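Down below is the structure, laid out as structure tokens.
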Amino acid sequence: MVESKFSKVDFSKYFQPPSLRAARRRRRESVHIINNFSIPDDMKAIGRGKKYLVETYGCQMNEHDTEVMGGILEEMGYQETEDVYDADVILINTCAIRENAENKVFGEIGHLKPLKREKPGLILGVCGCMAQEETVVNKILQKYPQVDLIFGTHNIHRLPQLLKEALFSKEMVVEVWSKEGDIVENLPQSRRGHFQAWVNIMYGCDKFCTYCIVPYTRGKERSRRPEEIIEEVRDLARRGYKEITLLGQNVNAYGKDLQDLEDYGLGNLMDEIRKIGIPRVRFTTSHPKDFDDHLIEVLGKGGNLCEHIHLPVQSGNSEILKIMGRGYTRERYLSLFNKIKKAVPNASFTTDIIVGFPNETEEQFEDTLSLVRECRFDGAYTFIYSPRAGTPAARMTDNVPMEVKKERLLRLNKLIDELASASNARYQDQVVEVLVEGESRKNSEVLSGHTRTNKVVNFRGPKSLIGELVHVKITDAKMWSLDGEWQREPEAAGR
Ligand code: SAH
Ligand code: SF4
Ligand code: F3S
């Protein structure tokens, strides 16, 4: 599948034009589990004395893929560096979710051009979700000759072979697979954290929300086997990790494709992980449509399952939700929200919201504001709708001017800020459990970490606390963080 002469690249072999019909078909295609990864002998020492750097854009899935690529490169002898001038291999792990995400990447590839001129031996690679888009690959081929290597999200495990090809070829190496993706187990991982870890539980997405590019860049939904996940979590627990985050684009669909395991879902998996001795378990991202009662019941058992639910709503208006293809109404979202809140009373809730979807009216936008007010979210990621080529929404005419979209975003953000402040104010004088993650970004004298409910807490204490779970009494609640005092001998922690 490797093409090294780009004049010969046959895109039809690599790219399936995004199509809903193909998507429906793909669910029936079987998933292959690949379990025989190894570095070819002639590549085992190729990186000795050399350095690599992976720049990561996008979501946690990409962050974790970066850890895998780091793991592979380290097994080839490369060492990590944070300095582009020091690197012999630079990979840009890209995100395609919105236009501005893509623009940032093109900007960065542009910035690296002089470096490539100074250091011709440098390998510059582009991978991740943008590499799955035909238009992007064409643009790189035409306008960015400084790029040596392009590969997609389905063939990360081929990095050794691709790097070799790039090292010895004068042409740009392009390998992007349009297939829906396999599951590759036992890849090396160079985890960035020593006490927090990401664990993939599933890949891909079959939801096909009409605005979203992810189902096309990440392939179909496919779940890892529960025994593989549980073994990975047990191993992390044995190695002293304090917190894991189970990852997937739509974790609530976990297990649906495991045909031999009837009715085995995220609830079952979490119920097993609950029994493993790891202090904190998180999961992201939830989709409201598949969030079932069994999972709610399991979350209600608490223990190591953290009381933070990220439940993207996207819009508070049922008509817009329908055109987005989200599969739930405003009322169903609210009833699910209230059900979870009842089962997990201390839970914090965050969400994602898109404003300015094609033809969104002022009234429809106000429905979003009223839903946000009703749920009193602890925080939200808010976005202006960005048309993605090939998605159904991108073909819709849109009568909402950009100024109106920007103004809606400002109004929404103002409300979110108010609610975040109000939510944090409730922590005043409470004692909370904090996983100490490191020095605060603003002040190296101050330590920083998160509560179980995912609130940022800053406090003063010895550096030896980094990586530990400690208790902190909140003395000053700000909009997006809490300041507190470390409790040497804590009273019982609240949340
Ligand atoms: N799988 C997750 C979301 C992943 S993308 C879910 O369904 O909840 C993260 C967020 O980006 C989405 O929740 C959505 O709010 C936003 N997003 C996705 N596509 C977008 C687009 N075309 N324009 C603007 N925001 C978008
Ligand atoms: Fe995109 Fe929807 Fe899938 Fe989330 S669930 S990744 S928004 S298609
Ligand atoms: Fe971006 Fe791909 Fe994640 S498009 S949000 S990096 S799945």
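Residues are referred to by chain and number: the chain letter is A, B, ... according to the order shown in the structure tokens, the number counts from 1 in that chain, and ligands are numbered separately from 1 in the order shown.
Pocket residues of ligand 3, taken as those with any atom at most 6 Å away using only C-alpha atoms and all ligand atoms, are Gly58, Cys59, Met61, Asn62, Cys95, Ala96, Ile97, Cys129 and Val214 of chain A.
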message: For Val432 of chain A, find every residue with an atom within 12 Å (counting only C-alpha atoms), except residues of its own chain fewer than 2 positions away, and show them as a VMD selection string.
response: chain A and resid 426 to 430 434 to 436 449 to 459 469 to 475 482 to 487 490 to 495
Could the residues in this selection be saved with N, CA and C atoms as an mmCIF file, in the first residue's frame?
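again_39.cif, written as the output of this step:
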data_model
loop_
_atom_site.group_PDB
_atom_site.id
_atom_site.type_symbol
_atom_site.label_atom_id
_atom_site.label_comp_id
_atom_site.auth_asym_id
_atom_site.auth_seq_id
_atom_site.Cartn_x
_atom_site.Cartn_y
_atom_site.Cartn_z
ATOM 1 N N ARG A 426 -19.980 26.805 45.412
ATOM 2 C CA ARG A 426 -20.521 25.792 46.333
ATOM 3 C C ARG A 426 -19.415 25.003 47.043
ATOM 4 N N TYR A 427 -18.182 25.101 46.546
ATOM 5 C CA TYR A 427 -17.071 24.363 47.166
ATOM 6 C C TYR A 427 -16.413 25.128 48.313
ATOM 7 N N GLN A 428 -16.776 26.398 48.472
ATOM 8 C CA GLN A 428 -16.168 27.229 49.514
ATOM 9 C C GLN A 428 -16.198 26.512 50.870
ATOM 10 N N ASP A 429 -15.035 26.445 51.523
ATOM 11 C CA ASP A 429 -14.872 25.849 52.862
ATOM 12 C C ASP A 429 -15.020 24.322 52.906
ATOM 13 N N GLN A 430 -15.231 23.714 51.760
ATOM 14 C CA GLN A 430 -15.335 22.247 51.755
ATOM 15 C C GLN A 430 -13.939 21.624 51.691
ATOM 16 N N VAL A 434 -7.915 15.695 46.148
ATOM 17 C CA VAL A 434 -7.253 16.188 44.935
ATOM 18 C C VAL A 434 -6.156 15.211 44.520
ATOM 19 N N LEU A 435 -6.128 14.860 43.241
ATOM 20 C CA LEU A 435 -4.969 14.139 42.717
ATOM 21 C C LEU A 435 -3.971 15.201 42.264
ATOM 22 N N VAL A 436 -2.807 15.230 42.912
ATOM 23 C CA VAL A 436 -1.843 16.308 42.651
ATOM 24 C C VAL A 436 -1.087 15.984 41.361
ATOM 25 N N GLY A 449 -4.082 20.263 40.810
ATOM 26 C CA GLY A 449 -4.652 18.945 40.504
ATOM 27 C C GLY A 449 -6.152 19.067 40.316
ATOM 28 N N HIS A 450 -6.820 17.924 40.234
ATOM 29 C CA HIS A 450 -8.274 17.927 40.024
ATOM 30 C C HIS A 450 -8.996 17.190 41.148
ATOM 31 N N THR A 451 -10.223 17.608 41.398
ATOM 32 C CA THR A 451 -11.105 16.863 42.301
ATOM 33 C C THR A 451 -11.698 15.691 41.525
ATOM 34 N N ARG A 452 -12.402 14.828 42.224
ATOM 35 C CA ARG A 452 -13.100 13.740 41.530
ATOM 36 C C ARG A 452 -14.106 14.311 40.534
ATOM 37 N N THR A 453 -14.667 15.487 40.864
ATOM 38 C CA THR A 453 -15.652 16.108 39.978
ATOM 39 C C THR A 453 -14.990 16.928 38.867
ATOM 40 N N ASN A 454 -13.666 16.812 38.764
ATOM 41 C CA ASN A 454 -12.886 17.432 37.693
ATOM 42 C C ASN A 454 -12.710 18.939 37.823
ATOM 43 N N LYS A 455 -12.782 19.446 39.041
ATOM 44 C CA LYS A 455 -12.499 20.873 39.262
ATOM 45 C C LYS A 455 -10.993 21.040 39.483
ATOM 46 N N VAL A 456 -10.432 22.132 38.951
ATOM 47 C CA VAL A 456 -9.006 22.404 39.161
ATOM 48 C C VAL A 456 -8.817 23.014 40.545
ATOM 49 N N VAL A 457 -7.859 22.472 41.308
ATOM 50 C CA VAL A 457 -7.562 23.005 42.642
ATOM 51 C C VAL A 457 -6.083 23.383 42.718
ATOM 52 N N ASN A 458 -5.794 24.601 43.185
ATOM 53 C CA ASN A 458 -4.410 25.062 43.376
ATOM 54 C C ASN A 458 -4.156 25.265 44.868
ATOM 55 N N PHE A 459 -2.990 24.831 45.310
ATOM 56 C CA PHE A 459 -2.672 24.986 46.735
ATOM 57 C C PHE A 459 -1.155 24.890 46.931
ATOM 58 N N LEU A 469 -2.851 11.419 46.237
ATOM 59 C CA LEU A 469 -4.196 11.914 46.504
ATOM 60 C C LEU A 469 -4.162 12.592 47.871
ATOM 61 N N VAL A 470 -4.528 13.859 47.919
ATOM 62 C CA VAL A 470 -4.458 14.593 49.186
ATOM 63 C C VAL A 470 -5.794 15.288 49.437
ATOM 64 N N HIS A 471 -5.909 15.840 50.637
ATOM 65 C CA HIS A 471 -7.128 16.584 50.948
ATOM 66 C C HIS A 471 -6.820 18.069 51.056
ATOM 67 N N VAL A 472 -7.692 18.859 50.494
ATOM 68 C CA VAL A 472 -7.469 20.309 50.433
ATOM 69 C C VAL A 472 -8.761 21.005 50.856
ATOM 70 N N LYS A 473 -8.594 22.013 51.729
ATOM 71 C CA LYS A 473 -9.775 22.798 52.125
ATOM 72 C C LYS A 473 -9.862 24.033 51.234
ATOM 73 N N ILE A 474 -11.010 24.223 50.591
ATOM 74 C CA ILE A 474 -11.158 25.319 49.624
ATOM 75 C C ILE A 474 -11.334 26.648 50.371
ATOM 76 N N THR A 475 -10.451 27.597 50.036
ATOM 77 C CA THR A 475 -10.496 28.901 50.704
ATOM 78 C C THR A 475 -10.973 30.005 49.765
ATOM 79 N N LEU A 482 -10.209 26.480 41.910
ATOM 80 C CA LEU A 482 -10.429 26.640 43.349
ATOM 81 C C LEU A 482 -9.057 26.751 44.021
ATOM 82 N N ASP A 483 -8.906 27.718 44.930
ATOM 83 C CA ASP A 483 -7.680 27.788 45.718
ATOM 84 C C ASP A 483 -7.955 27.171 47.078
ATOM 85 N N GLY A 484 -6.936 26.514 47.643
ATOM 86 C CA GLY A 484 -7.202 25.892 48.933
ATOM 87 C C GLY A 484 -5.952 25.678 49.757
ATOM 88 N N GLU A 485 -6.168 25.072 50.938
ATOM 89 C CA GLU A 485 -5.054 24.767 51.839
ATOM 90 C C GLU A 485 -4.958 23.266 52.026
ATOM 91 N N TRP A 486 -3.751 22.782 51.879
ATOM 92 C CA TRP A 486 -3.495 21.346 52.050
ATOM 93 C C TRP A 486 -3.794 20.941 53.498
ATOM 94 N N GLN A 487 -4.512 19.864 53.679
ATOM 95 C CA GLN A 487 -4.865 19.374 55.009
ATOM 96 C C GLN A 487 -3.945 18.206 55.360
ATOM 97 N N PRO A 490 -6.482 15.254 57.382
ATOM 98 C CA PRO A 490 -7.778 15.679 56.882
ATOM 99 C C PRO A 490 -8.954 15.220 57.719
ATOM 100 N N GLU A 491 -9.999 16.068 57.694
ATOM 101 C CA GLU A 491 -11.302 15.583 58.138
ATOM 102 C C GLU A 491 -11.805 14.767 56.945
ATOM 103 N N ALA A 492 -12.920 14.109 57.085
ATOM 104 C CA ALA A 492 -13.440 13.327 55.965
ATOM 105 C C ALA A 492 -13.713 14.254 54.786
ATOM 106 N N ALA A 493 -13.229 13.847 53.585
ATOM 107 C CA ALA A 493 -13.420 14.701 52.412
ATOM 108 C C ALA A 493 -14.830 14.576 51.878
ATOM 109 N N GLY A 494 -15.351 15.673 51.422
ATOM 110 C CA GLY A 494 -16.693 15.679 50.848
ATOM 111 C C GLY A 494 -16.694 15.136 49.430
ATOM 112 N N ARG A 495 -16.041 15.840 48.482
ATOM 113 C CA ARG A 495 -16.091 15.389 47.099
ATOM 114 C C ARG A 495 -14.775 15.597 46.373
#
Select the residues contacting ligand 2 at a distance of at most 6 Å, based on only C-alpha atoms and all ligand atoms, then format the selection as number ranges by chain. A: 205, 207-209, 212, 214-215, 249-250
So which residues are near ligand 1, meaning at most 6 Å away with only C-alpha atoms and all ligand atoms counted, given back as a short mmCIF file (atom, residue, chain, number, x, y, z; two decimals) with N, CA and C atoms, in the first residue's frame?
data_model
loop_
_atom_site.label_atom_id
_atom_site.label_comp_id
_atom_site.auth_asym_id
_atom_site.auth_seq_id
_atom_site.Cartn_x
_atom_site.Cartn_y
_atom_site.Cartn_z
N ILE A 97 -11.63 18.55 13.14
CA ILE A 97 -13.00 18.76 13.62
C ILE A 97 -13.60 20.08 13.18
N ARG A 98 -12.78 21.13 13.13
CA ARG A 98 -13.27 22.45 12.68
C ARG A 98 -12.22 23.08 11.78
N TYR A 211 -23.09 17.14 11.12
CA TYR A 211 -22.06 18.18 11.01
C TYR A 211 -20.65 17.62 11.16
N CYS A 212 -20.52 16.33 11.49
CA CYS A 212 -19.25 15.87 12.08
C CYS A 212 -18.41 15.02 11.12
N GLN A 249 -15.03 7.77 21.10
CA GLN A 249 -15.83 8.91 20.63
C GLN A 249 -17.25 8.82 21.12
N ASN A 250 -17.67 7.60 21.45
CA ASN A 250 -19.07 7.40 21.84
C ASN A 250 -19.07 6.17 22.75
N THR A 285 -16.01 10.00 25.48
CA THR A 285 -17.13 10.91 25.62
C THR A 285 -18.43 10.14 25.60
N HIS A 287 -22.40 9.67 24.78
CA HIS A 287 -23.45 10.14 23.86
C HIS A 287 -24.80 9.89 24.55
N PRO A 312 -22.30 15.68 26.09
CA PRO A 312 -22.52 16.72 25.07
C PRO A 312 -23.99 16.79 24.65
N GLN A 314 -25.09 19.60 22.47
CA GLN A 314 -24.99 20.27 21.15
C GLN A 314 -26.02 21.37 20.94
N ASP A 352 -20.85 19.82 25.55
CA ASP A 352 -20.36 20.50 24.33
C ASP A 352 -21.58 21.11 23.64
N ILE A 353 -21.40 22.31 23.10
CA ILE A 353 -22.51 22.99 22.42
C ILE A 353 -22.02 23.62 21.12
N ILE A 354 -22.83 23.47 20.09
CA ILE A 354 -22.54 24.13 18.81
C ILE A 354 -23.56 25.26 18.62
N PHE A 383 -18.75 25.96 20.60
CA PHE A 383 -18.15 26.13 19.28
C PHE A 383 -19.12 26.80 18.32
N ILE A 384 -18.56 27.59 17.40
CA ILE A 384 -19.36 28.04 16.26
C ILE A 384 -19.32 26.92 15.23
N TYR A 385 -20.48 26.60 14.68
CA TYR A 385 -20.55 25.54 13.67
C TYR A 385 -19.56 25.80 12.54
N SER A 386 -18.85 24.77 12.17
CA SER A 386 -17.87 24.88 11.09
C SER A 386 -18.19 23.81 10.03
N PRO A 387 -18.53 24.22 8.81
CA PRO A 387 -18.90 23.22 7.78
C PRO A 387 -17.71 22.32 7.44
N ARG A 388 -17.93 21.02 7.41
CA ARG A 388 -16.87 20.07 7.06
C ARG A 388 -17.22 19.41 5.73
#
Closest atom pairs, segment 257-343 of chain A residues within 10 Å of segment 389-411 of chain A, only C-alpha atoms, as CSV:
residue,atom,partner,partner_atom,distance
A:Ile323,CA,A:Ala393,CA,8.3
A:Met324,CA,A:Ala393,CA,7.7
A:Gly325,CA,A:Ala393,CA,10.0
(Q) Would you pick out the contacts of Glu55 of chain A at 10 Å or less, using only C-alpha atoms, so that residues sharing its chain but fewer than 5 positions from it are not included, and give the list as a PyMOL selection string? (A) chain A and resi 63+66+82+84+90-94+105+108+126
Strand (DSSP E) call set, DSSP backbone run, segment 96-214 of chain A, as an mmCIF file with N, CA and C atoms, in the first residue's frame:
data_model
loop_
_atom_site.group_PDB
_atom_site.id
_atom_site.type_symbol
_atom_site.label_atom_id
_atom_site.label_comp_id
_atom_site.auth_asym_id
_atom_site.auth_seq_id
_atom_site.Cartn_x
_atom_site.Cartn_y
_atom_site.Cartn_z
ATOM 1 N N ILE A 123 12.953 14.441 9.077
ATOM 2 C CA ILE A 123 11.741 13.842 8.500
ATOM 3 C C ILE A 123 10.541 14.562 9.091
ATOM 4 N N LEU A 124 9.727 15.154 8.207
ATOM 5 C CA LEU A 124 8.530 15.845 8.662
ATOM 6 C C LEU A 124 7.309 15.051 8.212
ATOM 7 N N GLY A 125 6.541 14.570 9.184
ATOM 8 C CA GLY A 125 5.383 13.736 8.856
ATOM 9 C C GLY A 125 4.081 14.382 9.297
ATOM 10 N N VAL A 126 3.016 14.120 8.563
ATOM 11 C CA VAL A 126 1.684 14.598 8.946
ATOM 12 C C VAL A 126 0.790 13.370 9.091
ATOM 13 N N CYS A 127 0.128 13.240 10.242
ATOM 14 C CA CYS A 127 -0.719 12.078 10.473
ATOM 15 C C CYS A 127 -1.996 12.532 11.171
ATOM 16 N N GLY A 128 -2.813 11.597 11.633
ATOM 17 C CA GLY A 128 -4.032 11.969 12.354
ATOM 18 C C GLY A 128 -5.206 12.199 11.422
ATOM 19 N N LEU A 149 6.206 12.691 4.728
ATOM 20 C CA LEU A 149 5.431 11.474 5.013
ATOM 21 C C LEU A 149 4.011 11.858 5.438
ATOM 22 N N ILE A 150 3.018 11.179 4.868
ATOM 23 C CA ILE A 150 1.630 11.359 5.304
ATOM 24 C C ILE A 150 1.060 9.974 5.589
ATOM 25 N N PHE A 151 0.532 9.793 6.784
ATOM 26 C CA PHE A 151 -0.185 8.533 7.060
ATOM 27 C C PHE A 151 -1.402 8.827 7.923
ATOM 28 N N VAL A 173 6.116 10.282 0.877
ATOM 29 C CA VAL A 173 5.509 8.967 1.081
ATOM 30 C C VAL A 173 4.090 9.165 1.613
ATOM 31 N N VAL A 174 3.130 8.580 0.910
ATOM 32 C CA VAL A 174 1.731 8.728 1.337
ATOM 33 C C VAL A 174 1.132 7.349 1.544
ATOM 34 N N GLU A 175 0.671 7.083 2.761
ATOM 35 C CA GLU A 175 -0.077 5.843 2.973
ATOM 36 C C GLU A 175 -1.263 6.135 3.883
ATOM 37 N N ILE A 183 -8.450 -3.492 14.908
ATOM 38 C CA ILE A 183 -8.025 -3.197 16.274
ATOM 39 C C ILE A 183 -6.625 -3.764 16.405
ATOM 40 N N VAL A 184 -5.691 -2.913 16.733
ATOM 41 C CA VAL A 184 -4.324 -3.394 16.871
ATOM 42 C C VAL A 184 -3.988 -3.411 18.354
ATOM 43 N N GLN A 196 -1.499 9.142 35.739
ATOM 44 C CA GLN A 196 -2.769 9.228 35.011
ATOM 45 C C GLN A 196 -2.576 8.572 33.650
ATOM 46 N N ALA A 197 -3.560 7.801 33.214
ATOM 47 C CA ALA A 197 -3.391 7.110 31.929
ATOM 48 C C ALA A 197 -4.698 7.060 31.155
ATOM 49 N N TRP A 198 -4.560 7.097 29.842
ATOM 50 C CA TRP A 198 -5.715 6.897 28.976
ATOM 51 C C TRP A 198 -5.779 5.445 28.557
ATOM 52 N N VAL A 199 -6.999 4.932 28.480
ATOM 53 C CA VAL A 199 -7.184 3.558 28.037
ATOM 54 C C VAL A 199 -8.270 3.567 26.959
ATOM 55 N N ASN A 200 -7.906 3.239 25.737
ATOM 56 C CA ASN A 200 -8.917 3.144 24.678
ATOM 57 C C ASN A 200 -9.834 1.981 24.970
ATOM 58 N N MET A 202 -12.806 1.800 22.849
ATOM 59 C CA MET A 202 -13.337 1.571 21.501
ATOM 60 C C MET A 202 -12.795 2.621 20.541
ATOM 61 N N TYR A 203 -12.904 2.320 19.290
ATOM 62 C CA TYR A 203 -12.419 3.226 18.245
ATOM 63 C C TYR A 203 -13.590 3.581 17.330
#
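With distances restricted to only C-alpha atoms, A:Pro462 is the closest residue to Arg488 of chain A from A:Gly467, A:Gly240, A:Pro462, A:Gly70.
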- Message: Taking the DSSP secondary structure from the backbone, can you list the residues of segment 237-458 of chain A that are helix (DSSP H, G or I), as a PyMOL selection string?
- Response: chain A and resi 237-238+251-253+266-273+288-290+293-299+318-324+330-343+362-375+392-395+402-425
Can you pull out the residues contacting segment 265-277 of chain A? Cut-off 7 Å, using only C-alpha atoms, and skip same-chain residues under 4 positions away; I want them as a PyMOL selection string. chain A and resi 226+230+234+237+252+254-256+294-295+298+303-305
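The closest residue to Phe168 of chain A, picked from A:Gly49, A:Gly121, A:Gly110, A:Gly248 and counting only C-alpha atoms, is A:Gly121.
When only C-alpha atoms are used to measure the gap to Gly356 of chain A, the shortest distance among A:Ser190, A:Glu133, A:Thr382, A:Asp65 belongs to A:Thr382.
Within 9 Å of Thr350 of chain A, once only C-alpha atoms are used and residues closer than 5 positions along the same chain are dropped, the contacting residues are A:His308, A:Ile309, A:His310, A:Leu311, A:Pro312, A:Phe377, A:Asp378, A:Gly379, A:Ala380, A:Tyr381.
Compared by their closest atoms to Leu162 of chain A, and using only C-alpha atoms, the residues A:Ile109, A:Met130, A:Ile39, A:Val68 rank with A:Ile39 nearest.
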